[in-house]
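Chemist: Pasting a structure below so you can have a look.
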Protein chains: 2
Amino acid sequence: MAGQHHYGLILAGGRGTRFWPRSRRRTPKQLLPFFGDRTLVQETVERLRPLIPPERLWILTNRDLQRAMRRQLPEIPPRQILAEPEPRNTAPAIGLAARIVYEQDPDAVLGVFPSDHHIARPGRYRRLVKAAFQGAEQGRLMVMGIEPRWPETGYGYIEFPEGTRPGRLGAVPVLRFREKPDLETAKEFLAAGRFYWNAGMFFWRASVILDALRLHLPRTAALLDSLPPFSSRRFAAALRESFPKAENISIDYAVLEKADNVAGVVAGDIGWNDLGSWNAVYELLARRPGDNVARGQLLALESEGNYVEAGKKLVALVGVRNLVVVDTGDALLVASRSEAQKVGRVVKLLEKQKRGDLL
Amino acid sequence: MAGQHHYGLILAGGRGTRFWPRSRRRTPKQLLPFFGDRTLVQETVERLRPLIPPERLWILTNRDLQRAMRRQLPEIPPRQILAEPEPRNTAPAIGLAARIVYEQDPDAVLGVFPSDHHIARPGRYRRLVKAAFQGAEQGRLMVMGIEPRWPETGYGYIEFPEGTRPGRLGAVPVLRFREKPDLETAKEFLAAGRFYWNAGMFFWRASVILDALRLHLPRTAALLDSLPPFSSRRFAAALRESFPKAENISIDYAVLEKADNVAGVVAGDIGWNDLGSWNAVYELLARRPGDNVARGQLLALESEGNYVEAGKKLVALVGVRNLVVVDTGDALLVASRSEAQKVGRVVKLLEKQKRGDLL
């Protein structure tokens, strides 16, 4: 099957609250530039361009972000930048995209990609994506496993058979999906050498995932099957009506953990980073441990390991270590780098306080 | 001698760079409010008012600040708010004020006060000031010793005789002035119980300090003696001409360490604080150790002991301890509270970089 049947779905409805105060409801993480001029979703599109041209890319986002997405991605046909009527999890979103793409091309093979990750080695990454598409063409549900670099407790893991080697391009059968482990289990996974991070990237024929949904998530599958054609005038209204009734469940739980034709490609060092917090941005930008990383003017006295961004404002640090300092004019975050994953809790508190101006 | 011969000189030419970015060349520490609405120099005037009415107060500042001082202190006759043509140390400044006050009232007794300290118990303080004025009336050079509360290495000390008790209101002869000690010496001072902090407050008859200057600092004294009357039109031009030739020396070195008629009053707990850094402001405002102190909106998560001011901006702290965070719109300081005394070095660096916009 030739590459012209390869389609991409970029999931771009997330909020990315851990990047507050830079990230806001209308400019979440995926719409922000962290490295250079391109935003993360623009990076994602560019990274895939040699494999999937924009005219075969679909973006699924939410209503708040649809307009900004269309502005940031002018090369993607506007009708392919869809908004979910209500946020659901990945299973309904992927089913919807598969349903639409299948209608246009029954041979479609769909790759599913997060919109807010960073990949330092896109060439290596694309070789893996190609291999995953090949596995998908053969009717498998393909996932991408990332070789773990530390015993991370914040990711799910994919268990592959004994002897699986990173960087192998062929499809490897998946033994099991493992939920976020505790630290001890994560260390065992790392030591065992056949547990890989689940990067949330999937590849399958549209027909195959639709059949799998019919089997494992029949209520949601029936809703999708009942939609009128995407090209019809009735589609938008019907979607608004039925999508909110879809089950709020991830594709991992709904399908992958149950299906028996799941396989994966296993990444070697592709420089994958899910940018889980400001700390990840620091670590990607610091040349050496202990460097200060600043966007803008920084004057650092006896200070090390800090990440600073404050627009045009001069920031002076005196005797401080391993902080994140982010100033946006209306709000200022000062966080310990090691606690940066808790920044999302600030957003929850602001929601409770109804501080819409800062959300 | 009645109180109507009591005059005050407030030395208000300092830069207070350790309070950057709040303090700037044109709004240094003494022109800023730290506690309530009044600025430190306004607090100083208010604190003295029951003893010295504004019409007998003189302010010595520099050219950059003269206008702001007159604005902040409208109750003081504008001609009594003088600017040094060039910054000199305390000896020429005090000599100049003594010269002018003596000319108007040969019986004048002059109290000399810093403009940028804080005193939590002004009633107790005024009783000491009264006692110091009394000692001065008798022809002594009077100083004020503050009972030390910790082995501070940043202050000079005054050595009093064995058995000196804090809170004594009579004049106690001074044995010696001791320069800023090292930590071990400071601890010995504290243990000995007769070494007091030199608060930079002095009381003397104008005639007595002028005679002392003639004896111990004759060149500067001659310059002052050669000035035409303050009331004459020629005074301003003559001051501009001669003041820069005065020696750049403190009254402590120039006179107090040499004179034999030096005595002091010794303060008990008057709540004196020279506000040496942002850390001092935190300690004065924190009710309990570990409290966060904020001017404005603070959202603190797992954070303790921080001082925050950022205008109307919301500041979120996550997992940080004992920081000073001061935002002024054009600049942001994040400092360790324990290193806050090094903030002055930021100002020196900005001077080197010719960042006049931030000075």
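Ligands are numbered from 1 in the order shown, residues from 1 within each chain, and chains are lettered A, B, ... in the order they appear in the structure tokens.
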Would you pick out the contacts of Leu175 of chain B at 12 Å or less, using only C-alpha atoms, so that residues sharing its chain but fewer than 2 positions from it are not included, and give the list as a ChimeraX atom specification?
Modeler: /B:157-162,164,172-173,177-178,194-196,256-264
Chemist: Any chance you could export the current selection's N, CA and C atoms as a PDB file, in the first residue's frame?
Modeler:
ATOM      1  N   TYR B 157      30.488  49.029  66.728  1.00  0.00           N
ATOM      2  CA  TYR B 157      30.057  48.896  68.121  1.00  0.00           C
ATOM      3  C   TYR B 157      30.637  50.033  68.962  1.00  0.00           C
ATOM      4  N   ILE B 158      29.934  50.359  70.023  1.00  0.00           N
ATOM      5  CA  ILE B 158      30.410  51.346  70.988  1.00  0.00           C
ATOM      6  C   ILE B 158      30.681  50.598  72.289  1.00  0.00           C
ATOM      7  N   GLU B 159      31.873  50.775  72.805  1.00  0.00           N
ATOM      8  CA  GLU B 159      32.235  50.076  74.042  1.00  0.00           C
ATOM      9  C   GLU B 159      31.996  51.009  75.228  1.00  0.00           C
ATOM     10  N   PHE B 160      31.145  50.560  76.142  1.00  0.00           N
ATOM     11  CA  PHE B 160      30.846  51.328  77.353  1.00  0.00           C
ATOM     12  C   PHE B 160      31.527  50.661  78.547  1.00  0.00           C
ATOM     13  N   PRO B 161      31.565  51.335  79.684  1.00  0.00           N
ATOM     14  CA  PRO B 161      32.243  50.735  80.849  1.00  0.00           C
ATOM     15  C   PRO B 161      31.475  49.522  81.382  1.00  0.00           C
ATOM     16  N   GLU B 162      32.215  48.692  82.081  1.00  0.00           N
ATOM     17  CA  GLU B 162      31.644  47.577  82.845  1.00  0.00           C
ATOM     18  C   GLU B 162      30.386  48.052  83.565  1.00  0.00           C
ATOM     19  N   THR B 164      27.417  48.836  82.413  1.00  0.00           N
ATOM     20  CA  THR B 164      26.432  49.672  81.721  1.00  0.00           C
ATOM     21  C   THR B 164      25.164  48.860  81.447  1.00  0.00           C
ATOM     22  N   VAL B 172      26.421  58.028  79.620  1.00  0.00           N
ATOM     23  CA  VAL B 172      27.442  57.077  80.048  1.00  0.00           C
ATOM     24  C   VAL B 172      28.689  57.352  79.218  1.00  0.00           C
ATOM     25  N   PRO B 173      29.849  57.505  79.868  1.00  0.00           N
ATOM     26  CA  PRO B 173      31.054  57.782  79.074  1.00  0.00           C
ATOM     27  C   PRO B 173      31.347  56.627  78.112  1.00  0.00           C
ATOM     28  N   PHE B 177      35.252  53.294  70.336  1.00  0.00           N
ATOM     29  CA  PHE B 177      34.469  52.846  69.191  1.00  0.00           C
ATOM     30  C   PHE B 177      35.173  51.648  68.574  1.00  0.00           C
ATOM     31  N   ARG B 178      34.379  50.656  68.192  1.00  0.00           N
ATOM     32  CA  ARG B 178      34.959  49.457  67.593  1.00  0.00           C
ATOM     33  C   ARG B 178      34.361  49.281  66.205  1.00  0.00           C
ATOM     34  N   ARG B 194      28.590  44.899  77.273  1.00  0.00           N
ATOM     35  CA  ARG B 194      28.775  46.351  77.360  1.00  0.00           C
ATOM     36  C   ARG B 194      29.196  46.949  76.015  1.00  0.00           C
ATOM     37  N   PHE B 195      28.976  46.166  74.974  1.00  0.00           N
ATOM     38  CA  PHE B 195      29.216  46.656  73.620  1.00  0.00           C
ATOM     39  C   PHE B 195      27.855  46.868  72.954  1.00  0.00           C
ATOM     40  N   TYR B 196      27.647  48.045  72.408  1.00  0.00           N
ATOM     41  CA  TYR B 196      26.339  48.396  71.849  1.00  0.00           C
ATOM     42  C   TYR B 196      26.491  48.762  70.387  1.00  0.00           C
ATOM     43  N   LEU B 256      34.725  61.449  66.592  1.00  0.00           N
ATOM     44  CA  LEU B 256      34.299  60.705  67.779  1.00  0.00           C
ATOM     45  C   LEU B 256      35.400  59.807  68.331  1.00  0.00           C
ATOM     46  N   GLU B 257      36.195  59.204  67.431  1.00  0.00           N
ATOM     47  CA  GLU B 257      37.228  58.299  67.919  1.00  0.00           C
ATOM     48  C   GLU B 257      38.391  59.058  68.565  1.00  0.00           C
ATOM     49  N   LYS B 258      38.429  60.376  68.370  1.00  0.00           N
ATOM     50  CA  LYS B 258      39.551  61.160  68.889  1.00  0.00           C
ATOM     51  C   LYS B 258      39.170  62.003  70.095  1.00  0.00           C
ATOM     52  N   ALA B 259      37.914  62.404  70.154  1.00  0.00           N
ATOM     53  CA  ALA B 259      37.510  63.355  71.191  1.00  0.00           C
ATOM     54  C   ALA B 259      37.452  62.673  72.558  1.00  0.00           C
ATOM     55  N   ASP B 260      37.593  63.454  73.634  1.00  0.00           N
ATOM     56  CA  ASP B 260      37.591  62.856  74.970  1.00  0.00           C
ATOM     57  C   ASP B 260      36.317  63.172  75.752  1.00  0.00           C
ATOM     58  N   ASN B 261      35.384  63.875  75.117  1.00  0.00           N
ATOM     59  CA  ASN B 261      34.144  64.184  75.825  1.00  0.00           C
ATOM     60  C   ASN B 261      32.941  63.468  75.209  1.00  0.00           C
ATOM     61  N   VAL B 262      33.180  62.221  74.778  1.00  0.00           N
ATOM     62  CA  VAL B 262      32.116  61.456  74.145  1.00  0.00           C
ATOM     63  C   VAL B 262      31.393  60.602  75.185  1.00  0.00           C
ATOM     64  N   ALA B 263      30.086  60.679  75.169  1.00  0.00           N
ATOM     65  CA  ALA B 263      29.279  59.848  76.061  1.00  0.00           C
ATOM     66  C   ALA B 263      28.073  59.346  75.273  1.00  0.00           C
ATOM     67  N   GLY B 264      27.304  58.484  75.898  1.00  0.00           N
ATOM     68  CA  GLY B 264      26.168  57.947  75.158  1.00  0.00           C
ATOM     69  C   GLY B 264      24.992  57.634  76.048  1.00  0.00           C
TER      70      GLY B 264
END
Chemist: Please produce chain A as a short mmCIF file (atom, residue, chain, number, x, y, z; two decimals) with C-alpha atoms, in the first residue's frame once it has been superposed on chain B, the fit using all Cα atoms paired in sequence order.
Modeler:
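As a result, out02.cif now contains:
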data_model
loop_
_atom_site.label_atom_id
_atom_site.label_comp_id
_atom_site.auth_asym_id
_atom_site.auth_seq_id
_atom_site.Cartn_x
_atom_site.Cartn_y
_atom_site.Cartn_z
CA MET A 1 18.17 74.89 78.39
CA ALA A 2 14.68 74.54 76.98
CA GLY A 3 13.58 72.34 74.08
CA GLN A 4 13.18 75.32 71.77
CA HIS A 5 16.94 75.18 71.17
CA HIS A 6 16.73 71.56 69.99
CA TYR A 7 17.28 71.12 66.26
CA GLY A 8 17.35 68.04 64.09
CA LEU A 9 19.45 67.14 61.07
CA ILE A 10 18.17 64.22 59.00
CA LEU A 11 20.80 62.73 56.72
CA ALA A 12 18.91 61.72 53.62
CA GLY A 13 21.39 61.41 50.76
CA GLY A 14 21.88 57.63 50.77
CA ARG A 15 21.09 55.33 47.87
CA GLY A 16 19.82 52.18 49.61
CA THR A 17 20.69 50.02 46.63
CA ARG A 18 19.95 46.82 48.51
CA PHE A 19 16.27 47.52 47.98
CA TRP A 20 16.50 47.33 44.21
CA PRO A 21 14.34 47.00 42.14
CA ARG A 22 12.00 49.07 44.35
CA SER A 23 14.74 51.56 45.21
CA ARG A 24 16.07 53.61 42.30
CA ARG A 25 18.43 56.54 42.04
CA ARG A 26 15.49 58.97 42.30
CA THR A 27 13.48 56.94 44.79
CA PRO A 28 15.95 55.38 47.19
CA LYS A 29 15.06 53.52 50.33
CA GLN A 30 14.32 56.60 52.47
CA LEU A 31 11.71 57.79 49.98
CA LEU A 32 9.85 54.45 49.95
CA PRO A 33 7.06 53.26 52.23
CA PHE A 34 7.80 49.91 53.82
CA PHE A 35 5.29 49.96 56.65
CA GLY A 36 1.95 51.55 55.96
CA ASP A 37 1.61 54.69 53.87
CA ARG A 38 4.51 56.75 55.16
CA THR A 39 7.94 56.64 53.61
CA LEU A 40 10.92 56.09 55.88
CA VAL A 41 11.91 59.75 55.86
CA GLN A 42 8.32 60.73 56.64
CA GLU A 43 8.36 58.20 59.50
CA THR A 44 11.55 59.81 60.77
CA VAL A 45 10.00 63.28 60.80
CA GLU A 46 6.84 62.01 62.51
CA ARG A 47 8.82 60.12 65.11
CA LEU A 48 10.70 63.29 66.09
CA ARG A 49 7.76 65.69 65.87
CA PRO A 50 6.93 65.63 69.62
CA LEU A 51 10.52 66.69 70.34
CA ILE A 52 11.53 68.74 67.30
CA PRO A 53 8.89 70.53 65.26
CA PRO A 54 9.39 70.59 61.48
CA GLU A 55 10.42 74.23 61.51
CA ARG A 56 13.57 73.23 63.42
CA LEU A 57 14.33 70.21 61.25
CA TRP A 58 16.95 70.28 58.50
CA ILE A 59 17.31 67.71 55.78
CA LEU A 60 20.56 67.13 53.96
CA THR A 61 20.15 65.18 50.76
CA ASN A 62 21.56 65.21 47.24
CA ARG A 63 20.49 67.08 44.12
CA ASP A 64 18.66 64.13 42.59
CA LEU A 65 16.43 63.82 45.64
CA GLN A 66 15.93 67.41 46.77
CA ARG A 67 12.71 67.95 44.86
CA ALA A 68 11.17 64.64 45.96
CA MET A 69 12.14 65.38 49.58
CA ARG A 70 10.39 68.74 49.41
CA ARG A 71 7.30 67.03 48.00
CA GLN A 72 7.27 64.35 50.67
CA LEU A 73 7.94 66.77 53.52
CA PRO A 74 5.78 69.82 52.81
CA GLU A 75 5.72 70.81 56.50
CA ILE A 76 9.48 71.46 56.51
CA PRO A 77 10.45 74.89 55.14
CA PRO A 78 11.89 74.22 51.65
CA ARG A 79 15.07 76.18 52.36
CA GLN A 80 15.83 73.72 55.18
CA ILE A 81 15.92 70.86 52.69
CA LEU A 82 19.45 71.23 51.38
CA ALA A 83 21.35 69.34 48.72
CA GLU A 84 25.04 68.61 49.04
CA PRO A 85 26.76 69.85 45.89
CA GLU A 86 28.65 66.55 45.87
CA PRO A 87 28.29 63.54 48.11
CA ARG A 88 30.69 63.66 51.05
CA ASN A 89 30.63 61.57 54.16
CA THR A 90 28.97 62.51 57.46
CA ALA A 91 31.66 64.83 58.86
CA PRO A 92 31.28 67.63 56.26
CA ALA A 93 27.49 67.18 56.17
CA ILE A 94 27.15 67.50 59.92
CA GLY A 95 29.62 70.39 60.02
CA LEU A 96 27.62 72.24 57.38
CA ALA A 97 24.34 71.83 59.25
CA ALA A 98 25.97 72.83 62.56
CA ARG A 99 27.41 75.90 60.87
CA ILE A 100 24.00 77.01 59.57
CA VAL A 101 22.09 76.24 62.74
CA TYR A 102 24.68 77.92 64.94
CA GLU A 103 24.41 81.05 62.86
CA GLN A 104 20.68 81.19 63.56
CA ASP A 105 20.87 80.15 67.21
CA PRO A 106 24.21 80.03 69.03
CA ASP A 107 22.57 77.92 71.74
CA ALA A 108 21.42 75.32 69.23
CA VAL A 109 21.71 71.65 70.21
CA LEU A 110 21.68 69.47 67.15
CA GLY A 111 20.44 65.88 66.93
CA VAL A 112 21.64 63.94 63.87
CA PHE A 113 19.39 61.18 62.54
CA PRO A 114 19.48 58.67 59.68
CA SER A 115 16.50 58.94 57.38
CA ASP A 116 16.06 55.27 56.54
CA HIS A 117 15.75 53.34 59.77
CA HIS A 118 12.68 51.91 61.40
CA ILE A 119 11.88 52.18 65.09
CA ALA A 120 9.01 50.08 66.34
CA ARG A 121 8.72 51.76 69.77
CA PRO A 122 8.91 55.49 69.16
CA GLY A 123 7.78 56.43 72.68
CA ARG A 124 10.71 54.65 74.32
CA TYR A 125 12.96 56.00 71.64
CA ARG A 126 11.94 59.59 72.33
CA ARG A 127 12.74 59.21 76.02
CA LEU A 128 16.27 58.27 74.99
CA VAL A 129 16.51 61.14 72.53
CA LYS A 130 15.49 63.54 75.30
CA ALA A 131 18.17 62.14 77.56
CA ALA A 132 20.73 62.43 74.79
CA PHE A 133 19.79 66.07 74.22
CA GLN A 134 20.28 66.68 77.95
CA GLY A 135 23.75 65.17 77.82
CA ALA A 136 24.52 67.31 74.79
CA GLU A 137 23.38 70.49 76.55
CA GLN A 138 26.12 69.82 79.10
CA GLY A 139 28.73 70.03 76.36
CA ARG A 140 29.19 66.35 75.62
CA LEU A 141 29.33 64.65 72.24
CA MET A 142 26.48 62.19 72.67
CA VAL A 143 25.88 58.96 70.76
CA MET A 144 23.12 56.37 70.97
CA GLY A 145 24.03 52.75 71.61
CA ILE A 146 21.55 50.02 70.73
CA GLU A 147 21.57 46.85 72.80
CA PRO A 148 22.72 44.12 70.37
CA ARG A 149 20.30 41.26 69.76
CA TRP A 150 22.65 39.03 67.77
CA PRO A 151 26.37 39.04 66.87
CA GLU A 152 25.98 41.34 63.87
CA THR A 153 29.15 41.81 61.82
CA GLY A 154 27.72 44.60 59.66
CA TYR A 155 27.60 47.33 62.34
CA GLY A 156 30.18 49.27 64.29
CA TYR A 157 30.04 48.89 68.09
CA ILE A 158 30.39 51.34 70.95
CA GLU A 159 32.20 50.08 74.02
CA PHE A 160 30.83 51.32 77.33
CA PRO A 161 32.23 50.75 80.85
CA GLU A 162 31.61 47.57 82.83
CA GLY A 163 28.14 47.52 84.32
CA THR A 164 26.41 49.67 81.70
CA ARG A 165 22.73 48.71 81.58
CA PRO A 166 20.45 49.19 78.60
CA GLY A 167 17.63 51.66 79.04
CA ARG A 168 19.64 53.92 81.38
CA LEU A 169 18.69 57.43 80.53
CA GLY A 170 21.74 59.29 81.82
CA ALA A 171 24.90 59.93 79.82
CA VAL A 172 27.41 57.08 80.03
CA PRO A 173 31.03 57.77 79.07
CA VAL A 174 32.11 55.96 75.92
CA LEU A 175 35.28 53.90 76.28
CA ARG A 176 35.93 53.20 72.63
CA PHE A 177 34.43 52.86 69.17
CA ARG A 178 34.94 49.47 67.57
CA GLU A 179 34.78 48.90 63.83
CA LYS A 180 32.67 46.15 62.24
CA PRO A 181 33.95 43.00 63.98
CA ASP A 182 34.43 39.51 62.62
CA LEU A 183 31.91 36.95 63.83
CA GLU A 184 34.01 35.68 66.72
CA THR A 185 34.62 39.18 68.03
CA ALA A 186 30.95 40.03 67.58
CA LYS A 187 30.06 37.01 69.73
CA GLU A 188 32.49 38.18 72.41
CA PHE A 189 30.91 41.65 72.28
CA LEU A 190 27.47 40.15 72.72
CA ALA A 191 28.60 37.99 75.63
CA ALA A 192 30.43 40.86 77.35
CA GLY A 193 27.20 42.85 77.54
CA ARG A 194 28.74 46.34 77.33
CA PHE A 195 29.19 46.64 73.58
CA TYR A 196 26.34 48.40 71.81
CA TRP A 197 25.46 48.89 68.17
CA ASN A 198 26.32 52.31 66.82
CA ALA A 199 23.05 53.52 65.37
CA GLY A 200 24.50 56.61 63.71
CA MET A 201 22.55 59.04 65.91
CA PHE A 202 24.42 61.93 67.48
CA PHE A 203 23.58 64.86 69.73
CA TRP A 204 25.72 67.90 70.44
CA ARG A 205 25.71 71.62 70.74
CA ALA A 206 26.39 73.16 67.36
CA SER A 207 29.19 75.17 68.96
CA VAL A 208 30.76 72.05 70.47
CA ILE A 209 30.85 70.01 67.26
CA LEU A 210 32.17 73.01 65.32
CA ASP A 211 34.98 73.40 67.85
CA ALA A 212 35.66 69.69 67.66
CA LEU A 213 35.91 69.89 63.87
CA ARG A 214 38.28 72.86 64.12
CA LEU A 215 40.46 70.72 66.38
CA HIS A 216 40.29 67.36 64.59
CA LEU A 217 39.42 68.20 60.97
CA PRO A 218 40.82 71.71 60.52
CA ARG A 219 40.80 71.85 56.72
CA THR A 220 37.11 71.06 56.42
CA ALA A 221 36.32 73.27 59.42
CA ALA A 222 38.10 76.19 57.74
CA LEU A 223 36.05 75.69 54.58
CA LEU A 224 32.87 75.80 56.62
CA ASP A 225 34.02 78.85 58.58
CA SER A 226 34.77 80.66 55.34
CA LEU A 227 31.20 80.33 54.02
CA PRO A 228 29.17 83.55 53.90
CA PRO A 229 26.01 83.69 56.04
CA PHE A 230 23.31 81.17 55.07
CA SER A 231 20.89 84.05 54.62
CA SER A 232 23.16 85.78 52.09
CA ARG A 233 22.78 85.52 48.34
CA ARG A 234 26.35 84.34 48.02
CA PHE A 235 25.85 81.24 50.18
CA ALA A 236 24.71 78.79 47.47
CA ALA A 237 27.53 79.62 45.07
CA ALA A 238 30.13 79.56 47.85
CA LEU A 239 28.87 76.16 49.01
CA ARG A 240 29.07 74.77 45.48
CA GLU A 241 32.61 76.04 45.31
CA SER A 242 33.94 74.86 48.66
CA PHE A 243 31.93 71.77 49.69
CA PRO A 244 33.55 69.46 47.11
CA LYS A 245 36.92 70.33 48.71
CA ALA A 246 35.78 69.01 52.10
CA GLU A 247 37.29 65.76 53.29
CA ASN A 248 35.32 62.62 52.56
CA ILE A 249 35.24 61.19 56.07
CA SER A 250 32.72 60.06 58.63
CA ILE A 251 32.13 61.94 61.84
CA ASP A 252 33.03 58.74 63.71
CA TYR A 253 36.56 58.65 62.30
CA ALA A 254 37.03 62.41 62.11
CA VAL A 255 35.88 63.35 65.59
CA LEU A 256 34.29 60.74 67.81
CA GLU A 257 37.22 58.34 67.94
CA LYS A 258 39.53 61.19 68.92
CA ALA A 259 37.47 63.38 71.24
CA ASP A 260 37.55 62.89 75.01
CA ASN A 261 34.11 64.21 75.87
CA VAL A 262 32.11 61.49 74.16
CA ALA A 263 29.26 59.84 76.07
CA GLY A 264 26.16 57.95 75.12
CA VAL A 265 22.70 56.87 76.04
CA VAL A 266 22.10 53.13 75.83
CA ALA A 267 18.87 51.90 74.34
CA GLY A 268 16.89 49.03 75.75
CA ASP A 269 14.29 47.50 73.43
CA ILE A 270 13.22 50.37 71.23
CA GLY A 271 12.61 48.13 68.20
CA TRP A 272 15.40 49.70 66.20
CA ASN A 273 16.06 48.26 62.76
CA ASP A 274 18.31 49.78 60.12
CA LEU A 275 16.51 47.86 57.35
CA GLY A 276 19.72 46.56 55.88
CA SER A 277 18.01 44.40 53.27
CA TRP A 278 14.70 42.91 52.13
CA ASN A 279 15.26 40.24 54.74
CA ALA A 280 14.86 42.84 57.50
CA VAL A 281 11.53 43.91 56.00
CA TYR A 282 10.40 40.28 55.96
CA GLU A 283 11.41 39.76 59.57
CA LEU A 284 9.59 42.87 60.71
CA LEU A 285 6.38 41.89 58.92
CA ALA A 286 6.26 38.13 59.51
CA ARG A 287 4.15 37.30 62.52
CA ARG A 288 5.67 33.86 62.92
CA PRO A 289 8.81 32.33 61.42
CA GLY A 290 7.86 30.59 58.19
CA ASP A 291 4.95 32.88 57.37
CA ASN A 292 4.75 34.16 53.85
CA VAL A 293 4.57 37.96 53.72
CA ALA A 294 2.91 39.44 50.65
CA ARG A 295 1.95 42.87 49.45
CA GLY A 296 -0.72 42.08 46.90
CA GLN A 297 -2.12 38.79 45.69
CA LEU A 298 -0.23 35.68 46.70
CA LEU A 299 -1.13 32.08 46.07
CA ALA A 300 1.32 29.88 47.97
CA LEU A 301 1.50 26.11 47.57
CA GLU A 302 3.88 24.22 49.87
CA SER A 303 5.88 27.43 50.23
CA GLU A 304 7.14 29.08 53.40
CA GLY A 305 9.02 32.09 54.67
CA ASN A 306 8.80 34.12 51.48
CA TYR A 307 8.53 37.89 51.01
CA VAL A 308 6.57 38.92 47.93
CA GLU A 309 5.63 42.24 46.41
CA ALA A 310 4.48 42.61 42.84
CA GLY A 311 1.99 45.46 42.59
CA LYS A 312 -1.36 44.20 41.36
CA LYS A 313 0.08 41.08 39.79
CA LEU A 314 -0.88 37.67 41.13
CA VAL A 315 2.15 35.75 42.33
CA ALA A 316 2.03 31.97 42.66
CA LEU A 317 4.70 30.18 44.67
CA VAL A 318 5.10 26.40 44.38
CA GLY A 319 7.44 24.50 46.66
CA VAL A 320 9.79 27.40 47.47
CA ARG A 321 11.21 28.64 50.75
CA ASN A 322 12.76 31.81 52.16
CA LEU A 323 12.79 33.83 48.96
CA VAL A 324 12.43 37.52 48.29
CA VAL A 325 10.35 38.18 45.16
CA VAL A 326 9.99 41.83 44.13
CA ASP A 327 8.46 42.82 40.80
CA THR A 328 8.33 46.42 39.60
CA GLY A 329 7.01 46.02 36.07
CA ASP A 330 10.37 46.69 34.41
CA ALA A 331 12.45 44.42 36.64
CA LEU A 332 12.06 41.35 38.80
CA LEU A 333 14.23 40.26 41.70
CA VAL A 334 14.22 36.71 43.01
CA ALA A 335 16.69 36.34 45.85
CA SER A 336 17.39 34.01 48.67
CA ARG A 337 16.41 35.83 51.86
CA SER A 338 19.70 34.88 53.49
CA GLU A 339 21.61 36.43 50.57
CA ALA A 340 19.46 39.54 50.30
CA GLN A 341 22.32 41.81 51.44
CA LYS A 342 24.00 41.04 48.10
CA VAL A 343 21.28 42.76 46.08
CA GLY A 344 23.42 45.91 46.01
CA ARG A 345 25.79 44.01 43.72
CA VAL A 346 23.03 43.74 41.13
CA VAL A 347 22.89 47.53 41.06
CA LYS A 348 26.67 47.72 40.58
CA LEU A 349 26.42 45.32 37.64
CA LEU A 350 23.60 47.35 36.11
CA GLU A 351 25.76 50.47 36.46
CA LYS A 352 28.58 48.72 34.60
CA GLN A 353 26.13 47.74 31.89
CA LYS A 354 24.93 51.37 31.76
CA ARG A 355 21.35 50.32 32.40
CA GLY A 356 20.27 53.80 33.50
CA ASP A 357 16.67 52.79 32.80
CA LEU A 358 16.82 50.35 35.71
CA LEU A 359 18.86 52.44 38.17
#
Chemist: Run DSSP on the backbone and grab whatever in segment 117-317 of chain B lands in alpha helix (DSSP H); send it over as a ChimeraX atom specification.
Modeler: /B:122-137,183-192,206-216,218-225,235-242,251,278-285
Chemist: Assign secondary structure with DSSP using the backbone only, and return the residues of segment 131-294 of chain B in strand (DSSP E or B) as a VMD selection string.
Modeler: chain B and resid 141 to 146 157 to 159 172 to 173 176 to 178 195 to 205 262 to 267 272 to 273 293 to 294
